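The structure file entry-v2.cif is reproduced below (mmCIF, C-alpha atoms).
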```
data_model
#
loop_
_atom_site.group_PDB
_atom_site.id
_atom_site.type_symbol
_atom_site.label_atom_id
_atom_site.label_comp_id
_atom_site.auth_asym_id
_atom_site.auth_seq_id
_atom_site.Cartn_x
_atom_site.Cartn_y
_atom_site.Cartn_z
ATOM 1 C CA MET A 1 63.689 -72.958 -39.083
ATOM 2 C CA ARG A 2 65.133 -74.167 -42.362
ATOM 3 C CA ALA A 3 62.104 -72.987 -44.391
ATOM 4 C CA GLY A 4 62.328 -69.547 -42.763
ATOM 5 C CA ALA A 5 66.010 -69.251 -43.626
ATOM 6 C CA LEU A 6 65.337 -70.267 -47.228
ATOM 7 C CA ALA A 7 62.500 -67.722 -47.506
ATOM 8 C CA ALA A 8 64.715 -64.960 -46.117
ATOM 9 C CA THR A 9 67.516 -65.908 -48.519
ATOM 10 C CA GLY A 10 65.073 -65.863 -51.437
ATOM 11 C CA ALA A 11 63.708 -62.461 -50.465
ATOM 12 C CA PHE A 12 67.235 -61.072 -50.176
ATOM 13 C CA ALA A 13 68.184 -62.484 -53.586
ATOM 14 C CA SER A 14 65.064 -60.955 -55.162
ATOM 15 C CA ALA A 15 65.821 -57.562 -53.667
ATOM 16 C CA LEU A 16 69.422 -57.763 -54.832
ATOM 17 C CA THR A 17 68.317 -58.690 -58.352
ATOM 18 C CA MET A 18 65.893 -55.746 -58.507
ATOM 19 C CA ALA A 19 68.539 -53.337 -57.227
ATOM 20 C CA ALA A 20 71.073 -54.554 -59.774
ATOM 21 C CA SER A 21 68.576 -54.470 -62.657
ATOM 22 C CA GLY A 22 68.630 -50.683 -62.866
ATOM 23 C CA ILE A 23 65.046 -50.080 -61.754
ATOM 24 C CA ALA A 24 65.068 -46.458 -60.684
ATOM 25 C CA ALA A 25 62.598 -44.439 -58.676
ATOM 26 C CA ALA A 26 60.534 -41.888 -60.554
ATOM 27 C CA GLU A 27 62.006 -38.409 -60.900
ATOM 28 C CA PRO A 28 60.385 -35.684 -58.796
ATOM 29 C CA ALA A 29 57.778 -33.701 -60.721
ATOM 30 C CA THR A 30 58.146 -30.077 -61.739
ATOM 31 C CA ASP A 31 54.417 -29.336 -61.978
ATOM 32 C CA ILE A 32 51.892 -29.419 -59.155
ATOM 33 C CA THR A 33 48.350 -29.810 -60.431
ATOM 34 C CA VAL A 34 46.385 -30.991 -57.373
ATOM 35 C CA ASP A 35 46.002 -29.645 -53.825
ATOM 36 C CA GLY A 36 48.076 -31.522 -51.287
ATOM 37 C CA THR A 37 51.397 -31.852 -49.486
ATOM 38 C CA TYR A 38 54.434 -32.735 -51.588
ATOM 39 C CA LEU A 39 57.825 -33.922 -50.332
ATOM 40 C CA VAL A 40 60.674 -31.857 -51.769
ATOM 41 C CA ASN A 41 63.238 -33.870 -53.774
ATOM 42 C CA VAL A 42 60.843 -36.858 -53.668
ATOM 43 C CA ASP A 43 57.516 -35.666 -55.118
ATOM 44 C CA ILE A 44 58.616 -32.282 -56.490
ATOM 45 C CA LYS A 45 61.852 -30.600 -57.420
ATOM 46 C CA PRO A 46 62.977 -27.470 -55.597
ATOM 47 C CA GLY A 47 62.935 -24.209 -57.517
ATOM 48 C CA ILE A 48 60.887 -21.105 -58.204
ATOM 49 C CA TYR A 49 57.261 -21.873 -59.008
ATOM 50 C CA ILE A 50 54.425 -19.709 -60.309
ATOM 51 C CA GLY A 51 50.919 -20.629 -59.184
ATOM 52 C CA ASP A 52 47.739 -19.807 -61.090
ATOM 53 C CA GLY A 53 46.075 -18.485 -57.948
ATOM 54 C CA THR A 54 42.613 -19.061 -56.608
ATOM 55 C CA MET A 55 39.660 -19.419 -58.930
ATOM 56 C CA ASP A 56 37.238 -18.138 -56.291
ATOM 57 C CA PRO A 57 38.617 -14.910 -54.803
ATOM 58 C CA ALA A 58 35.670 -14.183 -52.496
ATOM 59 C CA PRO A 59 35.463 -16.587 -49.528
ATOM 60 C CA ALA A 60 38.253 -19.005 -50.285
ATOM 61 C CA GLY A 61 41.773 -18.032 -51.126
ATOM 62 C CA CYS A 62 45.039 -19.699 -51.972
ATOM 63 C CA PHE A 63 47.003 -21.006 -48.979
ATOM 64 C CA TRP A 64 50.512 -22.392 -49.499
ATOM 65 C CA ARG A 65 53.137 -23.482 -46.967
ATOM 66 C CA ARG A 66 56.812 -24.417 -47.049
ATOM 67 C CA LEU A 67 57.406 -26.959 -44.269
ATOM 68 C CA TRP A 68 60.453 -28.108 -42.306
ATOM 69 C CA LYS A 69 58.551 -31.238 -41.184
ATOM 70 C CA VAL A 70 55.356 -33.025 -42.141
ATOM 71 C CA GLN A 71 53.240 -33.201 -38.993
ATOM 72 C CA THR A 72 52.153 -36.613 -37.711
ATOM 73 C CA PRO A 73 49.599 -37.374 -34.960
ATOM 74 C CA GLU A 74 52.426 -37.916 -32.434
ATOM 75 C CA ASP A 75 53.984 -34.480 -33.099
ATOM 76 C CA TYR A 76 53.457 -31.137 -31.427
ATOM 77 C CA PRO A 77 49.768 -30.296 -32.035
ATOM 78 C CA ASP A 78 50.132 -26.802 -33.534
ATOM 79 C CA PRO A 79 50.433 -27.104 -37.353
ATOM 80 C CA ASN A 80 51.885 -23.587 -37.561
ATOM 81 C CA TYR A 81 54.968 -24.822 -35.701
ATOM 82 C CA TYR A 82 56.164 -26.682 -38.825
ATOM 83 C CA ILE A 83 55.900 -23.765 -41.280
ATOM 84 C CA ILE A 84 59.021 -22.100 -42.697
ATOM 85 C CA ALA A 85 57.021 -19.639 -44.811
ATOM 86 C CA SER A 86 53.399 -19.359 -45.900
ATOM 87 C CA ASP A 87 50.878 -17.051 -47.478
ATOM 88 C CA PHE A 88 47.131 -16.756 -47.803
ATOM 89 C CA THR A 89 46.135 -14.687 -50.805
ATOM 90 C CA ARG A 90 43.229 -14.040 -53.111
ATOM 91 C CA LEU A 91 45.491 -12.843 -55.926
ATOM 92 C CA ARG A 92 46.097 -14.514 -59.236
ATOM 93 C CA SER A 93 49.638 -15.505 -60.190
ATOM 94 C CA ILE A 94 51.665 -16.317 -57.096
ATOM 95 C CA THR A 95 55.409 -16.896 -56.959
ATOM 96 C CA VAL A 96 57.187 -19.005 -54.341
ATOM 97 C CA GLU A 97 60.682 -20.454 -54.068
ATOM 98 C CA ILE A 98 60.698 -24.037 -52.825
ATOM 99 C CA LYS A 99 64.185 -24.619 -51.444
ATOM 100 C CA ALA A 100 66.117 -27.882 -51.525
ATOM 101 C CA THR A 101 66.330 -27.682 -47.721
ATOM 102 C CA ASP A 102 62.517 -27.633 -47.347
ATOM 103 C CA VAL A 103 60.981 -30.963 -46.353
ATOM 104 C CA ALA A 104 57.599 -30.382 -47.975
ATOM 105 C CA PHE A 105 55.376 -27.914 -49.813
ATOM 106 C CA SER A 106 51.636 -27.760 -49.182
ATOM 107 C CA THR A 107 49.062 -26.051 -51.385
ATOM 108 C CA GLN A 108 45.303 -25.503 -51.052
ATOM 109 C CA ASN A 109 43.055 -23.808 -53.611
ATOM 110 C CA CYS A 110 45.998 -22.259 -55.508
ATOM 111 C CA GLY A 111 45.469 -23.871 -58.888
ATOM 112 C CA ALA A 112 48.380 -25.419 -60.749
ATOM 113 C CA TRP A 113 52.019 -24.552 -60.023
ATOM 114 C CA HIS A 114 54.641 -24.536 -62.785
ATOM 115 C CA PRO A 115 58.380 -23.793 -62.735
ATOM 116 C CA ALA A 116 59.248 -20.175 -63.422
ATOM 117 C CA PRO A 117 61.078 -19.567 -66.695
ATOM 118 C CA ALA A 118 64.828 -19.539 -66.305
ATOM 119 C CA ARG A 119 66.365 -16.114 -66.077
ATOM 120 C CA PRO A 120 68.451 -15.207 -69.112
ATOM 121 C CA ASN A 121 72.199 -15.311 -68.640
ATOM 122 C CA THR A 122 73.356 -11.713 -68.973
ATOM 123 C CA GLY A 123 76.997 -12.611 -68.707
ATOM 124 C CA SER A 124 77.450 -10.162 -65.856
ATOM 125 C CA PHE A 125 78.527 -11.008 -62.358
ATOM 126 C CA GLY A 126 75.425 -9.759 -60.566
#
```

Could you quickly redo this structure as structure tokens?
Amino acid sequence: MRAGALAATGAFASALTMAASGIAAAEPATDITVDGTYLVNVDIKPGIYIGDGTMDPAPAGCFWRRLWKVQTPEDYPDPNYYIIASDFTRLRSITVEIKATDVAFSTQNCGAWHPAPARPNTGSFG
């Protein structure tokens, strides 16, 4: 019992030391270069992104999805249930807005995604 309490105390002290040392988690990325599912505000930052589009326009196309939940094996079996917005396209240059309220963004065969250039401030109200 005593050894277990000492081990738990040591683990707690180590965790406290790491937390106080200023070790921070990595910042979310702004570029997506590989197919996959990315957690918003964890893996990627929200914002407007421009995708390169599919390299092979014939059989395969670009398929992207904004998700309100990442499906797990225990969840409802229809993957379409978790989609906020999606598109399948064979076009080049795709634009999508990933919102801060989205849970994840998934991309397949769309090439790289990069943040859209900031709009110039016109000084007007609209």

- Tell me, as a list in words, which residues lie within 7 Å of Phe63 in chain A, counting all atoms listed in the file; anything in the same chain fewer than 4 positions away does not count. Asp87, Phe88, Thr89, Thr107, Gln108, Asn109 and Cys110 of chain A

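Each of A:Asp35, A:Asp78, A:Asp102, A:Glu27 was checked against Gly47 in chain A using all atoms listed in the file; the smallest atom-to-atom distance is that of A:Asp102.
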
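Relative to CA of Gly36 in chain A, CA of Pro117 in chain A is found at 23.4 Å.
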
- Note on the structure: From the list A:Thr37, A:Ser93, A:Gln71, A:Ser86, the nearest residue to Ile50 in chain A using all atoms listed in the file is A:Ser93

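For the pair CA of Ile94 in chain A and CA of Pro77 in chain A, the separation is 28.8 Å.
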
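Take the candidates A:Trp113, A:Trp68, A:Tyr76, A:Tyr38 and check each one against Val96 in chain A using all atoms listed in the file; the shortest distance goes to A:Trp113.
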
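Minimum distance to Glu97 in chain A across A:Leu39, A:Leu67, A:Ile48, A:Val34 (counting all atoms listed in the file) occurs at A:Ile48.
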
Need the axis-aligned box for range 63-67 of chain A with 8 Å each side, so what are the centre and edges in Å to one decimal, as AutoDock Vina command-line options?
```
--center_x 52.2 --center_y -24.0 --center_z -46.9 --size_x 26.4 --size_y 22.0 --size_z 21.2
```

- If you count all atoms listed in the file, the residue of A:Asn121, A:Ala85, A:Phe105, A:Gly111 closest to Ile44 in chain A turns out to be A:Phe105

- When distances are computed from all atoms listed in the file, which of A:Ala60, A:Val42, A:Ile32, A:Ala26 shows the smallest separation from Leu91 in chain A? A:Ala60

How would range 99-113 of chain A of the given structure read as a file with all heavy atoms, as a JSON list (two decimals), in the first residue's frame?
```
[["chain", "number", "residue", "atom", "x", "y", "z"],
["A", 99, "LYS", "N", -15.64, 25.83, -40.05],
["A", 99, "LYS", "CA", -16.09, 26.70, -38.96],
["A", 99, "LYS", "C", -15.54, 26.23, -37.62],
["A", 99, "LYS", "O", -15.26, 25.04, -37.43],
["A", 99, "LYS", "CB", -17.60, 26.76, -38.93],
["A", 99, "LYS", "CG", -18.17, 27.36, -40.22],
["A", 99, "LYS", "CD", -19.64, 27.53, -40.14],
["A", 99, "LYS", "CE", -20.12, 28.20, -41.43],
["A", 99, "LYS", "NZ", -21.54, 28.45, -41.42],
["A", 100, "ALA", "N", -15.40, 27.15, -36.70],
["A", 100, "ALA", "CA", -14.89, 26.83, -35.37],
["A", 100, "ALA", "C", -15.83, 25.88, -34.64],
["A", 100, "ALA", "O", -15.41, 25.15, -33.74],
["A", 100, "ALA", "CB", -14.70, 28.11, -34.56],
["A", 101, "THR", "N", -17.09, 25.84, -35.02],
["A", 101, "THR", "CA", -18.06, 24.95, -34.39],
["A", 101, "THR", "C", -18.04, 23.53, -34.98],
["A", 101, "THR", "O", -18.66, 22.64, -34.43],
["A", 101, "THR", "CB", -19.48, 25.53, -34.52],
["A", 101, "THR", "OG1", -19.75, 25.80, -35.90],
["A", 101, "THR", "CG2", -19.61, 26.82, -33.70],
["A", 102, "ASP", "N", -17.34, 23.33, -36.10],
["A", 102, "ASP", "CA", -17.20, 21.99, -36.67],
["A", 102, "ASP", "C", -16.30, 21.16, -35.75],
["A", 102, "ASP", "O", -15.36, 21.68, -35.16],
["A", 102, "ASP", "CB", -16.55, 22.04, -38.05],
["A", 102, "ASP", "CG", -17.40, 22.75, -39.10],
["A", 102, "ASP", "OD1", -18.58, 23.04, -38.82],
["A", 102, "ASP", "OD2", -16.86, 23.02, -40.19],
["A", 103, "VAL", "N", -16.57, 19.87, -35.67],
["A", 103, "VAL", "CA", -15.73, 18.98, -34.87],
["A", 103, "VAL", "C", -14.55, 18.50, -35.70],
["A", 103, "VAL", "O", -13.43, 18.42, -35.20],
["A", 103, "VAL", "CB", -16.56, 17.80, -34.33],
["A", 103, "VAL", "CG1", -15.67, 16.73, -33.71],
["A", 103, "VAL", "CG2", -17.57, 18.30, -33.31],
["A", 104, "ALA", "N", -14.79, 18.20, -36.97],
["A", 104, "ALA", "CA", -13.71, 17.66, -37.80],
["A", 104, "ALA", "C", -13.93, 18.01, -39.26],
["A", 104, "ALA", "O", -15.04, 18.37, -39.68],
["A", 104, "ALA", "CB", -13.62, 16.16, -37.63],
["A", 105, "PHE", "N", -12.86, 17.88, -40.04],
["A", 105, "PHE", "CA", -12.88, 18.07, -41.48],
["A", 105, "PHE", "C", -12.19, 16.86, -42.10],
["A", 105, "PHE", "O", -11.10, 16.48, -41.68],
["A", 105, "PHE", "CB", -12.15, 19.35, -41.87],
["A", 105, "PHE", "CG", -12.09, 19.58, -43.35],
["A", 105, "PHE", "CD1", -13.21, 19.99, -44.06],
["A", 105, "PHE", "CD2", -10.91, 19.38, -44.06],
["A", 105, "PHE", "CE1", -13.16, 20.20, -45.43],
["A", 105, "PHE", "CE2", -10.84, 19.60, -45.42],
["A", 105, "PHE", "CZ", -11.97, 20.01, -46.11],
["A", 106, "SER", "N", -12.85, 16.24, -43.07],
["A", 106, "SER", "CA", -12.30, 15.06, -43.73],
["A", 106, "SER", "C", -12.10, 15.34, -45.21],
["A", 106, "SER", "O", -12.94, 15.98, -45.84],
["A", 106, "SER", "CB", -13.28, 13.89, -43.54],
["A", 106, "SER", "OG", -12.79, 12.74, -44.19],
["A", 107, "THR", "N", -10.99, 14.88, -45.75],
["A", 107, "THR", "CA", -10.67, 15.11, -47.15],
["A", 107, "THR", "C", -10.11, 13.84, -47.78],
["A", 107, "THR", "O", -9.33, 13.14, -47.15],
["A", 107, "THR", "CB", -9.69, 16.29, -47.30],
["A", 107, "THR", "OG1", -9.34, 16.45, -48.67],
["A", 107, "THR", "CG2", -8.43, 16.10, -46.48],
["A", 108, "GLN", "N", -10.56, 13.55, -49.02],
["A", 108, "GLN", "CA", -10.06, 12.41, -49.78],
["A", 108, "GLN", "C", -9.82, 12.85, -51.22],
["A", 108, "GLN", "O", -10.73, 13.38, -51.87],
["A", 108, "GLN", "CB", -11.07, 11.27, -49.80],
["A", 108, "GLN", "CG", -11.24, 10.55, -48.50],
["A", 108, "GLN", "CD", -12.29, 9.47, -48.63],
["A", 108, "GLN", "OE1", -13.44, 9.76, -48.92],
["A", 108, "GLN", "NE2", -11.89, 8.24, -48.43],
["A", 109, "ASN", "N", -8.60, 12.66, -51.70],
["A", 109, "ASN", "CA", -8.24, 12.89, -53.09],
["A", 109, "ASN", "C", -8.47, 14.34, -53.53],
["A", 109, "ASN", "O", -8.84, 14.59, -54.67],
["A", 109, "ASN", "CB", -9.02, 11.92, -54.00],
["A", 109, "ASN", "CG", -8.36, 11.75, -55.34],
["A", 109, "ASN", "OD1", -7.14, 11.78, -55.45],
["A", 109, "ASN", "ND2", -9.16, 11.58, -56.37],
["A", 110, "CYS", "N", -8.26, 15.29, -52.61],
["A", 110, "CYS", "CA", -8.49, 16.71, -52.93],
["A", 110, "CYS", "C", -7.18, 17.48, -53.08],
["A", 110, "CYS", "O", -7.20, 18.68, -53.32],
["A", 110, "CYS", "CB", -9.33, 17.37, -51.85],
["A", 110, "CYS", "SG", -10.99, 16.69, -51.71],
["A", 111, "GLY", "N", -6.06, 16.83, -52.91],
["A", 111, "GLY", "CA", -4.80, 17.56, -52.94],
["A", 111, "GLY", "C", -4.61, 18.34, -51.65],
["A", 111, "GLY", "O", -5.29, 18.10, -50.65],
["A", 112, "ALA", "N", -3.71, 19.28, -51.68],
["A", 112, "ALA", "CA", -3.42, 20.09, -50.48],
["A", 112, "ALA", "C", -4.46, 21.20, -50.32],
["A", 112, "ALA", "O", -5.01, 21.70, -51.29],
["A", 112, "ALA", "CB", -2.03, 20.69, -50.61],
["A", 113, "TRP", "N", -4.69, 21.56, -49.07],
["A", 113, "TRP", "CA", -5.58, 22.67, -48.71],
["A", 113, "TRP", "C", -4.73, 23.74, -48.03],
["A", 113, "TRP", "O", -3.92, 23.43, -47.17],
["A", 113, "TRP", "CB", -6.66, 22.21, -47.74],
["A", 113, "TRP", "CG", -7.63, 21.23, -48.30],
["A", 113, "TRP", "CD1", -7.49, 19.87, -48.35],
["A", 113, "TRP", "CD2", -8.91, 21.51, -48.86],
["A", 113, "TRP", "NE1", -8.60, 19.30, -48.91],
["A", 113, "TRP", "CE2", -9.49, 20.28, -49.23],
["A", 113, "TRP", "CE3", -9.62, 22.69, -49.10],
["A", 113, "TRP", "CZ2", -10.76, 20.19, -49.82],
["A", 113, "TRP", "CZ3", -10.88, 22.60, -49.68],
["A", 113, "TRP", "CH2", -11.44, 21.37, -50.03]]
```
